[in-house]
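Okay, so here's the structure we're looking at.
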Amino acid sequence: MTAQPQPPTAPDALAPIAPDVIVMADAVHTLAPGLGDVEAVAVRDGVVVALGSRADARAWSTEATRVVDLGAAAVTPGLVDGHLHPISGLELASGVNLSACVDLDDVRAALAAAAPTGEEGWVSGWALDPNLFGDVEPHGGVLDEACPGRPVFVMLFDAHSAIVSQRALSLAEIAGEQEFGDASRIAVDGEGAPTGLLLENQAMRLVESIMPRATFDERVDQLHGLLRGMATTGITGAHVMDMHDADALDLLEAAELAGDLGIRLRISPMCLPGMTDAEMADLIALQGRSGRRWVVEGVKLMIDGTIDNGTAWLREPDTRGESTDPLWLDPAEYAERVAFLHAAGVPTATHAIGDRAIEFVVRTLAGLPRTGVQHRVEHIETLPDDVLAVFVEAGIAASMQPTHCTHYTRADQTDNWSVRLGRERADRAWRIGDLRAAGVTVALGSDWPVAPYDARASLADAVLRRPALKPDVDPVLPAQALSARQALEGYTSHVFASIGEEGGTLAVGSPADLAAFALDPLTADPDDFAGAEVLMTLIDGVPVIGRERFGPAVVENGEEVSA
Ligand SMILES: [Zn+2]
């Protein structure tokens, strides 16, 4: 690919650019309006100082400049996952990953193999697909069969429900239904005995709070490992959608004492139903707390649960008569809290999955005074036309997860999510294409640990509407597919726009956060791109992945350090 003629992007020729680093590749997708593709990015002090052709770059470099030519590769702005849970998800991911299980025998075998021998220890698992239970509601019996007499906790894939064994129920002193401050629920059988299914956070906490935890130092190590893993897929930043762990900020501070985080984190703590005014004041006071690569910004709320659990908020009940109520016992309280945050200048992100939930949230947001604070809605799983129109009119941003659609629903609508909704509402699944066509800003993300964090696969799934590398699987509503460019924007420029910020592009003056891939995300076959080698990620011009490409030494925090 040859560089097109560009408007001048370097300072005037008399002022030397003197870059620390120049990265060159056949395609550098700046995604900057009016700029197009170039071949070279020059970086000084962590900031992009020039963009142009390889020929231009020859004139920029000095003896001190480290020049890396990646050849037939593609460079993009660093990918930013718009929605995930890296801190509260840490411990989950230390149990057995059940996402590859295709039936309940697989689940029993995986858990039995993970049970510690000889002792009475806990067994935990995550990412269990409720479709494996067929027509039956998920229950703890399968865990008692796998690990007789042991306490077992298994989170379902959506992290909104869990199944636990009989021993876990008795250790947590759960003998029947209980009242919660939100719509959390303990599932019971005809005799009122718990089945082992716990729905939503407050019910799950009853068991989670008595489980042994990893030590603080172990979690610091786990966090570094996890963020580094994300970087290996081209990610340089993420929006963290909770701060559930009381020690989350201590953890981040300790992690940065040990070394730089592998990606940047923008952390939005939760505003929960029933919070006191003092707790609301704390949420405001937390805004702007930061470290080198993390900042507390925005607030996350949840108006409903999930379709799969029957805890979403729908206009009409699902086919089992469920998903009829919001998570907030009084949704007017939600609206008051959002108005309070808006007045304080705090951008919000609200989890809203059912059609009634999404409608309530966008109408609440549309009724706020227009002060320029950008609000966002998360998930948006079944979206009627009249509600889509409110997004457009009110300038509300969307945040969606392509892999939720491609991993957990099927084109023939035989999956639990589609069966519960019925055809008409299932045909409105993840309308990412319609939202983009209507001009709505759509950030994309994984919701890890709900789905894998690999950004390359998420980009491919957004284009394919089926799981990457599974060409035999039929696409789900292929009319909602994004173009490769729209998908890339969903992980770059649109993520920033979704929170009212400029960014996610490569332009002179922007932070030098970028990713380099062996294949071009805009032109490669999406299945091929899902497995493309990540050659490099840079944050503020400092390599996270691909450090070795910079030769024997690199500049870090203004000082030369050995590689
Ligand atoms: Zn989430």
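Chain labels A, B, ... are given in the sequence in which chains occur in the structure tokens; within each chain residues are numbered consecutively from 1, and ligands are likewise numbered from 1 in the order shown.
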
Contacts to ligand 1 at 7 Å cut-off (only C-alpha atoms and all ligand atoms) as a short mmCIF file (atom, residue, chain, number, x, y, z; two decimals) with N, CA and C atoms, in the first residue's frame:
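Below is the file result11.cif, written as the result:
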```cif
data_model
loop_
_atom_site.label_atom_id
_atom_site.label_comp_id
_atom_site.auth_asym_id
_atom_site.auth_seq_id
_atom_site.Cartn_x
_atom_site.Cartn_y
_atom_site.Cartn_z
N HIS A 83 -15.39 -2.26 27.80
CA HIS A 83 -16.15 -2.77 28.95
C HIS A 83 -15.56 -4.09 29.42
N LEU A 84 -14.91 -4.07 30.56
CA LEU A 84 -14.46 -5.34 31.14
C LEU A 84 -14.26 -5.22 32.65
N HIS A 85 -13.91 -6.35 33.28
CA HIS A 85 -13.86 -6.44 34.74
C HIS A 85 -12.56 -7.11 35.19
N MET A 241 -15.53 -1.66 34.44
CA MET A 241 -16.92 -1.34 34.73
C MET A 241 -17.35 -1.69 36.15
N ASP A 447 -16.37 -7.45 27.79
CA ASP A 447 -16.99 -7.76 29.08
C ASP A 447 -16.25 -8.91 29.78
#
```

Neighbouring residues of Val419 in chain A were defined as those with any atom within 8 Å, considering only C-alpha atoms; residues of the same chain fewer than 5 positions away were excluded. Please report them as an MDAnalysis selection string. chainID A and resid 319 413:414

Writer output for current selection, N, CA and C atoms, as a PDB file, in the first residue's frame:
```pdb
ATOM      1  N   THR A 319     -40.763 -15.931  27.508  1.00  0.00           N
ATOM      2  CA  THR A 319     -41.638 -17.085  27.273  1.00  0.00           C
ATOM      3  C   THR A 319     -41.793 -17.960  28.512  1.00  0.00           C
ATOM      4  N   GLN A 413     -31.875 -19.732  16.502  1.00  0.00           N
ATOM      5  CA  GLN A 413     -32.618 -19.266  17.684  1.00  0.00           C
ATOM      6  C   GLN A 413     -33.055 -20.412  18.600  1.00  0.00           C
ATOM      7  N   THR A 414     -32.261 -21.485  18.678  1.00  0.00           N
ATOM      8  CA  THR A 414     -32.560 -22.576  19.605  1.00  0.00           C
ATOM      9  C   THR A 414     -31.851 -22.389  20.946  1.00  0.00           C
TER      10      THR A 414
END
```

For range 292-308 of chain A: contacts at 7 Å, only C-alpha atoms, fewer than 4 positions along chain excluded, given as a short mmCIF file (atom, residue, chain, number, x, y, z; two decimals) with C-alpha atoms, in the first residue's frame:
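As written to disk, part.cif reads:
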```cif
data_model
loop_
_atom_site.label_atom_id
_atom_site.label_comp_id
_atom_site.auth_asym_id
_atom_site.auth_seq_id
_atom_site.Cartn_x
_atom_site.Cartn_y
_atom_site.Cartn_z
CA HIS A 160 -24.96 -12.61 36.86
CA MET A 241 -16.92 -1.34 34.73
CA ASP A 242 -16.83 -1.80 38.49
CA LEU A 261 0.53 -1.93 34.06
CA ARG A 264 -4.21 1.75 30.76
CA LEU A 265 -7.33 1.42 32.91
CA ARG A 266 -10.22 3.89 33.22
CA ILE A 267 -12.19 2.68 36.22
CA SER A 268 -15.85 3.54 36.79
CA PRO A 269 -17.05 2.56 40.28
CA MET A 270 -20.63 1.32 40.73
CA CYS A 271 -23.62 3.27 41.98
CA LEU A 272 -25.79 0.57 43.57
CA LEU A 286 -13.16 9.35 43.90
CA GLN A 287 -13.32 10.93 40.43
CA GLY A 288 -9.87 11.75 39.14
CA ALA A 312 -33.72 -8.56 32.49
CA TRP A 313 -36.45 -5.89 32.33
CA SER A 323 -37.70 -10.76 33.05
CA PRO A 326 -35.86 -3.77 36.96
CA LEU A 327 -32.94 -4.53 39.28
CA TRP A 328 -33.71 -1.32 41.21
CA VAL A 346 -19.86 12.74 36.00
CA PRO A 347 -20.40 10.64 32.85
CA THR A 348 -22.40 7.47 33.49
CA ALA A 349 -22.52 4.05 31.87
CA THR A 350 -25.66 2.00 32.56
CA HIS A 351 -26.05 -1.73 31.99
CA ALA A 352 -29.43 -2.08 30.20
CA ILE A 353 -30.27 -5.32 28.39
CA ALA A 357 -34.63 -1.35 30.58
CA ASN A 416 -31.69 -20.14 25.79
CA TRP A 417 -31.45 -16.36 25.12
#
```

If you run DSSP on the backbone, which residues of range 28-172 of chain A are helix (DSSP H, G or I), as a count of residues only? 37

Step one, run DSSP on the backbone; step two, keep only residues of range 279-339 of chain A assigned to strand (DSSP E or B); then write them as a ChimeraX atom specification. /A:290,294-296,299-302,313,324

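Counting only C-alpha atoms, the residue from A:Arg289, A:Arg428, A:His244, A:His239 that sits nearest to Asp81 in chain A is A:His239.
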
Excluding Arg228 in chain A and residues on its chain fewer than 4 positions from it, collect all residues at most 9 Å away from it, counting only C-alpha atoms, and give them as a list in words. Leu223, His224, Thr232, Leu261, Gly262, Ile263, Val544 and Ile545 of chain A

Could you tell me which of A:Asp520, A:Glu316, A:Asp330, A:Asp472 comes closest to Ala484 in chain A if we count only C-alpha atoms?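 Using only C-alpha atoms, Ala484 in chain A sits closest to A:Asp520.
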
When you count only C-alpha atoms, which of these residues is closest to Tyr491 in chain A: A:Asp250, A:Glu322, A:Asp454, A:Asp282?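 Ranked by minimum distance to Tyr491 in chain A, first place goes to A:Asp454.
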
Residues at most 7 Å from Ala443 in chain A, counting only C-alpha atoms, excluding those fewer than 5 positions away in the same chain, as a list of chain:residue names? A:Gly82, A:Ala398, A:Ser399, A:Met400, A:Gly490, A:Tyr491, A:His494, A:Val495, A:Ser498

Which one is closest to Ala27 in chain A: A:Val48, A:Leu477, A:Asn309, A:Asp69? Count only C-alpha atoms.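 The answer is A:Asp69, which sits nearest to Ala27 in chain A.
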
Would you mind reading off the distance between CA of Ile186 in chain A and CA of Trp126 in chain A, one decimal, in Å? 18.7 Å
